[in-house]
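Report on one structure; see the data block that follows.
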Amino acid sequence: MNSWLWAMAEAENAEADPCFRVTTVGSDTSVSWQGTCAHEDDDTIEGTLLLTLRDETTIEGDRHLSLSYLASMDGVLEGSGWEVGGTGSATVMETAAGVSFQAEVGGTYDLGEGWATDDLDTSLQMKGDPTDSGVNMTFTGGVTPPDQASLYLWDLVVSPSLCANAPLGVLSVRDPSSVWLDVVFDERCSGCGTVYWADEILGETCPGDAIMSVAERLQLRFSDELTR
Amino acid sequence: MIALALLLLACEGPAAEAPGAVFVPLDTPALARRISLDLRGTLPTIDELEAVEADPSALTELMEAWAADPLHEERLVAVFGEQWLTLVDAYNVPVTDFGISASEDYRFLRSVGQEPLRLLARVATEDVPYSEIVTREGTMANQTLLEIFPLELLDDADQATVDAGGWAPALYTDGRPAGGILMSNGLWWRYDSTLNNLNRGRAAAIARHLLCADFLERPLVFEGVDDFSTDGLLEATRSNPACISCHSGLDPLAANLFGFWWFDDKDAHEMVRYHPSREPLGESYLKLQPSVSGTPVPGPAYLGQILSEDPRFWSCAVQRAASALWRRDTTEDDFETLEAIRSELVASGGRYATLERLLMDTDEYRAGDLSADADPERWGEARTTRLMSVEQLRSAVLGVTGYDWVNEDGAVLLDSDKEGYRVMAGGVDGDVVLQPLLEPTVTRTLVTRRLAQMAGEAAVARDQALPDAERLLFQGVDLDADLPGTVGFDDAVTLLRLRMLGERPDADTLETDAAFFSQVAALSDTDQSWASLVAVILQDPQFWTY
C-alpha cells in the first residue's frame, strides 16, 4: 500500500490533487492525506495518513533508513476493498557487522471488505541484530492472524547462534475461552516448548519450525527492502 | 420477601407523622406519583390514583406492576446514564466515518452511549443478581450498533424488535470475553485512553463507578518527579510515595484493559473491535501483573467476577441506587441505613429490584416534609420535594400529552446539547456537566415553558383527531361543548389536574381555570384555550416536582 501511495503522491503532488500534501522538513519527507481521493480505474482511498520517510543517512559509517506512518484509511484498489487503522515504524541499518532492523506494527489491517470482518490485528515489535552466523530475531507483542488464535510473544528469540534458529523464550496462546497458555521454549533448543496455564504444566508442543520459517521470511524481507 | 412485607406494612395506613419521627410522610397518592415517576418515568393514571385513594394498600400491587412495565427498563437507562455519564455528544470518531449520513448523528451518539446503560438496565430488571452487569456474556444492541460493531443478535427472533427500533441481547464476534459492561464498546468509547495514560483513566472509571473509590479525590502531589519521560514517569509510579498512593491500586487495574488498547485513538477500525492479542500489553507496558485490589486477575475473562467479589461492589451499588432515589449524595451518616440494606440485598440474592424496593421503603424516600423534630444539620440535604430530572420531564410530558420534542432528524431535544436543551433543562452532558440540576433555575423554567406550550397544543390537536378510547388527556371530554359554566368543564379540568398534578382542584382553582379559559377563548378559540390550560398546568411547580 505505502509504495502505491508514494507513487501516487509523486505523480500527482499537492498542486494537482488536494488530498495529497508532500512536504520536506530537513531530511524528512512526509505525505499527508485527508479526505477522499479517486484515481484512475475507480481506485479510491478515503481517510487520513501521515507517512514519513527519513532520507538515507550515514552515522559513523552506518547507513540508516527509516519510515513511520499513522493511518486511518479505507480504500478500493483494483476492485478490492481494504481497511487500515494504526501506526507503524521501521528502521533499517547497514553496519559493518551486517544488516540490523527494528520494526513495530500496531493496528488493524483488513484486506477484505466491510466492517467487522476478520482481520490481522497486531501490536508486534520485531528486532534483528546481525551476528557472525546470521541475524538474531527478537519478537515482542501480540498478533491475531485472520481466523487464528491470538498470540503474544514475550521477547521470543530466533537466532542461528542461540539454539540454531529454534525459538527461545515465551510464546503465549489465547484459547477460545479467553485463557492464555504459555509455551516456554528453553535452552534444550528442541523447537518444542512446555505448555503452562499459570503454574500448572499441561504438556508440550512443538511449533518451532513454523516460528523459524516466519522469522526467516521476515529477515529476507527487510534485507530486500534495504538493498532495493 | 422481607422487603415485600415491609412495603405492605408501610402502605397500610394513611400518611401521618409518627411521634419523634424525622420525616412527615407523603400521602398515598403523592407517594404513588413519586414511585411511578421513579420506576417508569411517567405519572400514575387516573385509575391508578383513584385505586390508591380508595385503598392505600393497592400501591403495593401497583409497584409490582410498574416494576414489570417495559418503561421501567427505559427509566433505568436514564438513571444509569446520569451516573455513568456515557451519553456524550461526541466521540473520537464521527458518524460519517462509518459511511452513515451526518443526519444520523444523534441516533449514532445515543446508540453507542446507551449500549452499557441498556445492559445495566436489562440486568437490573431481570430476576438475576445485579453482579451480572460485570460478568454477563454479550451486550445489548440496536440496528445502528449491529451495523457498525462486530455484533450479532443472540436470538434471530429479536430481529423484529431491532427492526422496530428496539434493543436486544447481542454477542460480539471479535473474541472478547464475557464481562458485561466491562466488555462494551460504549463504555470505553466514553472513557478512552491516550498512549501515555495507559488505561489509567479507564481504571479510575471502574473504581469510581463500581467500587465507589474515586482516585481523583486523593491529593495530587508532583513534588520529587524530575524525569518526565515515559520510563521516568513509570518509575515514579513505583518509587515516589506521592505517586504510589494512587498508582499502586490504579495501574494493576489498568493492566486488565488492554484488549481495548488503540494504536490510533481516532481510528474507527481500531475502536470498533476488541483486540485479544493486546491483552498482555498491560503487563508489558505497565510492567506489573493485572490485579484488582491485590487479587491477581489471570485474564480479562476473570475481571468482572473478581470485581463483583470485592466487598465494595455491593456497598457501591447500594450507595448509587440510594443517590438516585433519594436525589442526593450519600454521606457517612447514611452508613447504618445503607449497610442494613446491603446486607439484606446480598442475603436475598442481589436483585436490583429488591434494592429499589428496600430504598423506596425508607422513611426518607417516602418523606413529604421534615418534621419539627428533624435536625437540620443532619437532614438539611434530604429531598422531601424533588425536581423531575430532564428525562422524567420528557417522559412525563410524553406520557400525558403524547408530545416528544424532536427535530426533523429525530433528535430528542431534551436529550441532546448538540441539537437541543438537555443541560439547560437540568440534565448532564457526560462531559462538562456531570451533576443533574436539583433546584429550579431560570433556564430550566424557560425550557419547561416552551415545552409546555408545544405539548399543550400537540395534546389538543392529537386528542381532537382521535376517538375517545385512543385519547391520552381528554378522554370523555367534548372539547367543543364542555366549556366554562358546564359540569363537563369542571369534570374535565378536575381530570386534567388529577392526571398531571396528582390532586383534585378546589372550587377556587376551578373558577380561576374557567376565567383563564374564557379569556384565551375571547382572543382565539376554544382549542387554544384547552392548549393554554394544559400548558399552564404543565408549568405548575406541582407538575415538575414530585
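Chain labels A, B, ... are given in the sequence in which chains occur in the C-alpha cells; within each chain residues are numbered consecutively from 1, and ligands are likewise numbered from 1 in the order shown.
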Problem - Shell of 8 Å around A:Ser66, only C-alpha atoms, local chain residues under 5 positions omitted, as a list in words - result: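 My list of contacting residues is Leu53, Arg54, Asp55, Glu56, Ser89, Ala90, Thr91 and Val92 of chain A.
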Practice task
Determine which residues of chain A sit within 7 Å of chain B, taking into account only C-alpha atoms, and present them as a list in words.
Solution key: Ser72, Val84, Gly85, Gly86, Thr87, Gly106, Gly107, Thr108, Trp115, Ala116, Asp121, Ser123, Gly142, Val143, Thr144, Ser150, Leu151, Tyr152, Ser178 and Val179 of chain A
Problem - Which of stretch 343-373 of chain B DSSP labels strand (DSSP E or B), written as a list in words - result: Ala367, Gly368, Asp369 and Leu370 of chain B
Exercise for the section: Can you list, as a PyMOL selection string, all residues belonging to stretch 96-274 of chain B that DSSP tags as helix (DSSP H, G or I)? Expected result: chain B and resi 96-98+102-125+130-134+143-148+156-163+180-183+185-190+200-211+215-217+230-239+241-260+268-272
Handout entry: A:Thr58 surroundings by only C-alpha atoms, 12 Å radius, close-in-sequence under 6 positions cut, as a list in words
Key =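 So the residues in contact are Ser27, His64, Leu65, Ser66, Val92, Met93, Glu94 and Thr95 of chain A.
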Handout entry: Contact residues around B:Gly350 with only C-alpha atoms at 8 Å, ignoring same-chain residues under 5 positions, as a list in words
Key =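 Listed by chain and then number, they are Val128, Pro129, Tyr130, Ser131, Leu345 and Leu355 of chain B.
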Handout entry: Non-local contacts of B:Ile341 (8 Å; only C-alpha atoms; under 5 positions in same chain excluded) as number ranges by chain
Key = B: 318, 355, 358-359
Give me a file of those residues, with all heavy atoms, as a PDB file, in the first residue's frame.
ATOM      1  N   VAL B 318     -25.412  -0.107  46.332  1.00  0.00           N
ATOM      2  CA  VAL B 318     -26.436   0.441  47.230  1.00  0.00           C
ATOM      3  C   VAL B 318     -26.310   1.958  47.307  1.00  0.00           C
ATOM      4  O   VAL B 318     -27.309   2.688  47.218  1.00  0.00           O
ATOM      5  CB  VAL B 318     -26.311  -0.195  48.632  1.00  0.00           C
ATOM      6  CG1 VAL B 318     -27.233   0.505  49.623  1.00  0.00           C
ATOM      7  CG2 VAL B 318     -26.621  -1.686  48.573  1.00  0.00           C
ATOM      8  N   LEU B 355     -33.281  -4.065  45.727  1.00  0.00           N
ATOM      9  CA  LEU B 355     -32.604  -2.839  46.176  1.00  0.00           C
ATOM     10  C   LEU B 355     -33.531  -1.637  46.028  1.00  0.00           C
ATOM     11  O   LEU B 355     -33.656  -0.810  46.941  1.00  0.00           O
ATOM     12  CB  LEU B 355     -31.321  -2.658  45.354  1.00  0.00           C
ATOM     13  CG  LEU B 355     -30.495  -1.395  45.600  1.00  0.00           C
ATOM     14  CD1 LEU B 355     -30.136  -1.247  47.073  1.00  0.00           C
ATOM     15  CD2 LEU B 355     -29.236  -1.426  44.739  1.00  0.00           C
ATOM     16  N   LEU B 358     -36.234  -1.823  48.734  1.00  0.00           N
ATOM     17  CA  LEU B 358     -35.724  -1.508  50.075  1.00  0.00           C
ATOM     18  C   LEU B 358     -35.521  -0.005  50.228  1.00  0.00           C
ATOM     19  O   LEU B 358     -35.831   0.573  51.272  1.00  0.00           O
ATOM     20  CB  LEU B 358     -34.402  -2.248  50.320  1.00  0.00           C
ATOM     21  CG  LEU B 358     -34.518  -3.757  50.528  1.00  0.00           C
ATOM     22  CD1 LEU B 358     -33.137  -4.412  50.453  1.00  0.00           C
ATOM     23  CD2 LEU B 358     -35.176  -4.070  51.862  1.00  0.00           C
ATOM     24  N   LEU B 359     -34.999   0.635  49.195  1.00  0.00           N
ATOM     25  CA  LEU B 359     -34.761   2.081  49.278  1.00  0.00           C
ATOM     26  C   LEU B 359     -36.072   2.858  49.255  1.00  0.00           C
ATOM     27  O   LEU B 359     -36.222   3.866  49.949  1.00  0.00           O
ATOM     28  CB  LEU B 359     -33.851   2.523  48.132  1.00  0.00           C
ATOM     29  CG  LEU B 359     -32.383   2.131  48.307  1.00  0.00           C
ATOM     30  CD1 LEU B 359     -31.625   2.241  46.994  1.00  0.00           C
ATOM     31  CD2 LEU B 359     -31.723   3.008  49.372  1.00  0.00           C
TER      32      LEU B 359
END
Handout entry: Atom pair atom CA of B:Gly456 / atom CA of B:Ala535: separation (Å)
Key = 4.9 Å
Residue neighbourhood B:Pro440, 12 Å, only C-alpha atoms, exclusion window fewer than 6 positions, as a PDB file with all heavy atoms, in the first residue's frame:
ATOM      1  N   THR B 385     -39.090  17.245  48.570  1.00  0.00           N
ATOM      2  CA  THR B 385     -39.699  17.542  47.273  1.00  0.00           C
ATOM      3  C   THR B 385     -38.599  17.452  46.241  1.00  0.00           C
ATOM      4  O   THR B 385     -37.525  18.008  46.448  1.00  0.00           O
ATOM      5  CB  THR B 385     -40.304  18.957  47.246  1.00  0.00           C
ATOM      6  OG1 THR B 385     -41.296  19.055  48.259  1.00  0.00           O
ATOM      7  CG2 THR B 385     -40.928  19.253  45.890  1.00  0.00           C
ATOM      8  N   ARG B 386     -38.850  16.711  45.149  1.00  0.00           N
ATOM      9  CA  ARG B 386     -37.793  16.525  44.152  1.00  0.00           C
ATOM     10  C   ARG B 386     -38.144  17.220  42.849  1.00  0.00           C
ATOM     11  O   ARG B 386     -39.298  17.233  42.450  1.00  0.00           O
ATOM     12  CB  ARG B 386     -37.617  15.030  43.850  1.00  0.00           C
ATOM     13  CG  ARG B 386     -37.069  14.210  44.981  1.00  0.00           C
ATOM     14  CD  ARG B 386     -38.136  13.349  45.608  1.00  0.00           C
ATOM     15  NE  ARG B 386     -37.687  12.692  46.824  1.00  0.00           N
ATOM     16  CZ  ARG B 386     -37.061  11.521  46.833  1.00  0.00           C
ATOM     17  NH1 ARG B 386     -36.822  10.903  45.700  1.00  0.00           N
ATOM     18  NH2 ARG B 386     -36.687  10.977  47.966  1.00  0.00           N
ATOM     19  N   LEU B 387     -37.121  17.744  42.220  1.00  0.00           N
ATOM     20  CA  LEU B 387     -37.279  18.285  40.869  1.00  0.00           C
ATOM     21  C   LEU B 387     -37.213  17.122  39.892  1.00  0.00           C
ATOM     22  O   LEU B 387     -36.310  16.299  39.966  1.00  0.00           O
ATOM     23  CB  LEU B 387     -36.123  19.250  40.592  1.00  0.00           C
ATOM     24  CG  LEU B 387     -36.161  20.059  39.306  1.00  0.00           C
ATOM     25  CD1 LEU B 387     -37.245  21.122  39.368  1.00  0.00           C
ATOM     26  CD2 LEU B 387     -34.791  20.728  39.079  1.00  0.00           C
ATOM     27  N   MET B 388     -38.182  17.035  38.982  1.00  0.00           N
ATOM     28  CA  MET B 388     -38.092  15.999  37.947  1.00  0.00           C
ATOM     29  C   MET B 388     -36.769  16.146  37.210  1.00  0.00           C
ATOM     30  O   MET B 388     -36.368  17.265  36.870  1.00  0.00           O
ATOM     31  CB  MET B 388     -39.205  16.153  36.910  1.00  0.00           C
ATOM     32  CG  MET B 388     -40.543  15.584  37.262  1.00  0.00           C
ATOM     33  SD  MET B 388     -41.587  15.717  35.772  1.00  0.00           S
ATOM     34  CE  MET B 388     -43.196  15.414  36.481  1.00  0.00           C
ATOM     35  N   SER B 389     -36.111  15.026  36.931  1.00  0.00           N
ATOM     36  CA  SER B 389     -34.933  15.081  36.064  1.00  0.00           C
ATOM     37  C   SER B 389     -35.412  15.444  34.656  1.00  0.00           C
ATOM     38  O   SER B 389     -36.606  15.343  34.342  1.00  0.00           O
ATOM     39  CB  SER B 389     -34.228  13.721  36.033  1.00  0.00           C
ATOM     40  OG  SER B 389     -35.029  12.786  35.344  1.00  0.00           O
ATOM     41  N   VAL B 390     -34.490  15.837  33.800  1.00  0.00           N
ATOM     42  CA  VAL B 390     -34.885  16.201  32.437  1.00  0.00           C
ATOM     43  C   VAL B 390     -35.505  15.000  31.718  1.00  0.00           C
ATOM     44  O   VAL B 390     -36.455  15.152  30.932  1.00  0.00           O
ATOM     45  CB  VAL B 390     -33.695  16.796  31.658  1.00  0.00           C
ATOM     46  CG1 VAL B 390     -32.583  15.790  31.467  1.00  0.00           C
ATOM     47  CG2 VAL B 390     -34.137  17.342  30.321  1.00  0.00           C
ATOM     48  N   MET B 424     -29.556  22.848  29.648  1.00  0.00           N
ATOM     49  CA  MET B 424     -30.399  23.982  30.052  1.00  0.00           C
ATOM     50  C   MET B 424     -31.599  23.508  30.870  1.00  0.00           C
ATOM     51  O   MET B 424     -32.063  24.187  31.766  1.00  0.00           O
ATOM     52  CB  MET B 424     -30.889  24.741  28.818  1.00  0.00           C
ATOM     53  CG  MET B 424     -29.818  25.529  28.100  1.00  0.00           C
ATOM     54  SD  MET B 424     -30.480  26.311  26.611  1.00  0.00           S
ATOM     55  CE  MET B 424     -31.557  27.541  27.311  1.00  0.00           C
ATOM     56  N   ALA B 425     -32.058  22.309  30.539  1.00  0.00           N
ATOM     57  CA  ALA B 425     -33.227  21.783  31.235  1.00  0.00           C
ATOM     58  C   ALA B 425     -32.842  21.020  32.497  1.00  0.00           C
ATOM     59  O   ALA B 425     -33.714  20.478  33.184  1.00  0.00           O
ATOM     60  CB  ALA B 425     -34.019  20.871  30.303  1.00  0.00           C
ATOM     61  N   GLY B 426     -31.548  20.943  32.788  1.00  0.00           N
ATOM     62  CA  GLY B 426     -31.142  20.341  34.049  1.00  0.00           C
ATOM     63  C   GLY B 426     -30.449  19.001  33.940  1.00  0.00           C
ATOM     64  O   GLY B 426     -30.173  18.360  34.950  1.00  0.00           O
ATOM     65  N   GLY B 427     -30.151  18.569  32.724  1.00  0.00           N
ATOM     66  CA  GLY B 427     -29.518  17.265  32.556  1.00  0.00           C
ATOM     67  C   GLY B 427     -28.005  17.335  32.619  1.00  0.00           C
ATOM     68  O   GLY B 427     -27.418  18.401  32.777  1.00  0.00           O
ATOM     69  N   LEU B 446     -37.462  28.366  31.506  1.00  0.00           N
ATOM     70  CA  LEU B 446     -37.712  28.768  30.118  1.00  0.00           C
ATOM     71  C   LEU B 446     -37.922  27.550  29.210  1.00  0.00           C
ATOM     72  O   LEU B 446     -38.814  27.536  28.359  1.00  0.00           O
ATOM     73  CB  LEU B 446     -36.540  29.603  29.592  1.00  0.00           C
ATOM     74  CG  LEU B 446     -36.416  31.013  30.173  1.00  0.00           C
ATOM     75  CD1 LEU B 446     -35.102  31.652  29.744  1.00  0.00           C
ATOM     76  CD2 LEU B 446     -37.602  31.871  29.737  1.00  0.00           C
ATOM     77  N   VAL B 447     -37.086  26.529  29.413  1.00  0.00           N
ATOM     78  CA  VAL B 447     -37.237  25.318  28.605  1.00  0.00           C
ATOM     79  C   VAL B 447     -38.581  24.652  28.906  1.00  0.00           C
ATOM     80  O   VAL B 447     -39.302  24.216  27.993  1.00  0.00           O
ATOM     81  CB  VAL B 447     -36.072  24.332  28.866  1.00  0.00           C
ATOM     82  CG1 VAL B 447     -36.309  23.023  28.137  1.00  0.00           C
ATOM     83  CG2 VAL B 447     -34.750  24.937  28.426  1.00  0.00           C
ATOM     84  N   THR B 448     -38.917  24.600  30.179  1.00  0.00           N
ATOM     85  CA  THR B 448     -40.191  23.976  30.566  1.00  0.00           C
ATOM     86  C   THR B 448     -41.365  24.733  29.951  1.00  0.00           C
ATOM     87  O   THR B 448     -42.338  24.139  29.481  1.00  0.00           O
ATOM     88  CB  THR B 448     -40.325  23.950  32.104  1.00  0.00           C
ATOM     89  OG1 THR B 448     -39.190  23.296  32.654  1.00  0.00           O
ATOM     90  CG2 THR B 448     -41.586  23.227  32.530  1.00  0.00           C
ATOM     91  N   GLN B 539     -46.679  23.871  33.524  1.00  0.00           N
ATOM     92  CA  GLN B 539     -45.680  24.778  34.090  1.00  0.00           C
ATOM     93  C   GLN B 539     -45.837  24.955  35.599  1.00  0.00           C
ATOM     94  O   GLN B 539     -44.997  25.583  36.242  1.00  0.00           O
ATOM     95  CB  GLN B 539     -45.778  26.149  33.421  1.00  0.00           C
ATOM     96  CG  GLN B 539     -45.351  26.122  31.961  1.00  0.00           C
ATOM     97  CD  GLN B 539     -45.586  27.454  31.279  1.00  0.00           C
ATOM     98  OE1 GLN B 539     -44.875  28.418  31.510  1.00  0.00           O
ATOM     99  NE2 GLN B 539     -46.609  27.504  30.437  1.00  0.00           N
ATOM    100  N   PRO B 541     -45.348  24.320  39.295  1.00  0.00           N
ATOM    101  CA  PRO B 541     -44.291  23.588  40.017  1.00  0.00           C
ATOM    102  C   PRO B 541     -44.751  22.237  40.546  1.00  0.00           C
ATOM    103  O   PRO B 541     -43.944  21.323  40.704  1.00  0.00           O
ATOM    104  CB  PRO B 541     -43.937  24.547  41.157  1.00  0.00           C
ATOM    105  CG  PRO B 541     -44.274  25.896  40.630  1.00  0.00           C
ATOM    106  CD  PRO B 541     -45.489  25.700  39.754  1.00  0.00           C
ATOM    107  N   TRP B 544     -43.814  19.676  37.801  1.00  0.00           N
ATOM    108  CA  TRP B 544     -42.419  19.276  37.580  1.00  0.00           C
ATOM    109  C   TRP B 544     -41.638  18.989  38.850  1.00  0.00           C
ATOM    110  O   TRP B 544     -40.431  18.820  38.827  1.00  0.00           O
ATOM    111  CB  TRP B 544     -41.681  20.241  36.666  1.00  0.00           C
ATOM    112  CG  TRP B 544     -41.863  21.725  36.879  1.00  0.00           C
ATOM    113  CD1 TRP B 544     -42.658  22.556  36.149  1.00  0.00           C
ATOM    114  CD2 TRP B 544     -41.214  22.559  37.854  1.00  0.00           C
ATOM    115  NE1 TRP B 544     -42.551  23.851  36.606  1.00  0.00           N
ATOM    116  CE2 TRP B 544     -41.668  23.874  37.639  1.00  0.00           C
ATOM    117  CE3 TRP B 544     -40.300  22.325  38.883  1.00  0.00           C
ATOM    118  CZ2 TRP B 544     -41.261  24.958  38.427  1.00  0.00           C
ATOM    119  CZ3 TRP B 544     -39.872  23.389  39.668  1.00  0.00           C
ATOM    120  CH2 TRP B 544     -40.362  24.696  39.443  1.00  0.00           C
ATOM    121  N   THR B 545     -42.367  18.927  39.976  1.00  0.00           N
ATOM    122  CA  THR B 545     -41.763  18.385  41.197  1.00  0.00           C
ATOM    123  C   THR B 545     -42.566  17.160  41.589  1.00  0.00           C
ATOM    124  O   THR B 545     -43.677  16.933  41.113  1.00  0.00           O
ATOM    125  CB  THR B 545     -41.791  19.402  42.356  1.00  0.00           C
ATOM    126  OG1 THR B 545     -43.150  19.775  42.612  1.00  0.00           O
ATOM    127  CG2 THR B 545     -40.987  20.630  42.017  1.00  0.00           C
TER     128      THR B 545
END
Completion exercise
atom CA of B:Leu49 sits from atom CA of B:Ala67 at a separation of 16.8 Å
Practice task
Skip stretch 182-199 of chain A itself and residues of its chain fewer than 4 positions away, then list as a ChimeraX atom specification all residues within 7 Å of it, counting only C-alpha atoms.
Solution key: /A:163,166-173,203-209
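Atom pair atom CA of B:Gln528 / atom CA of B:Gln392 has a distance of 25.9 Å (rounded to one decimal).
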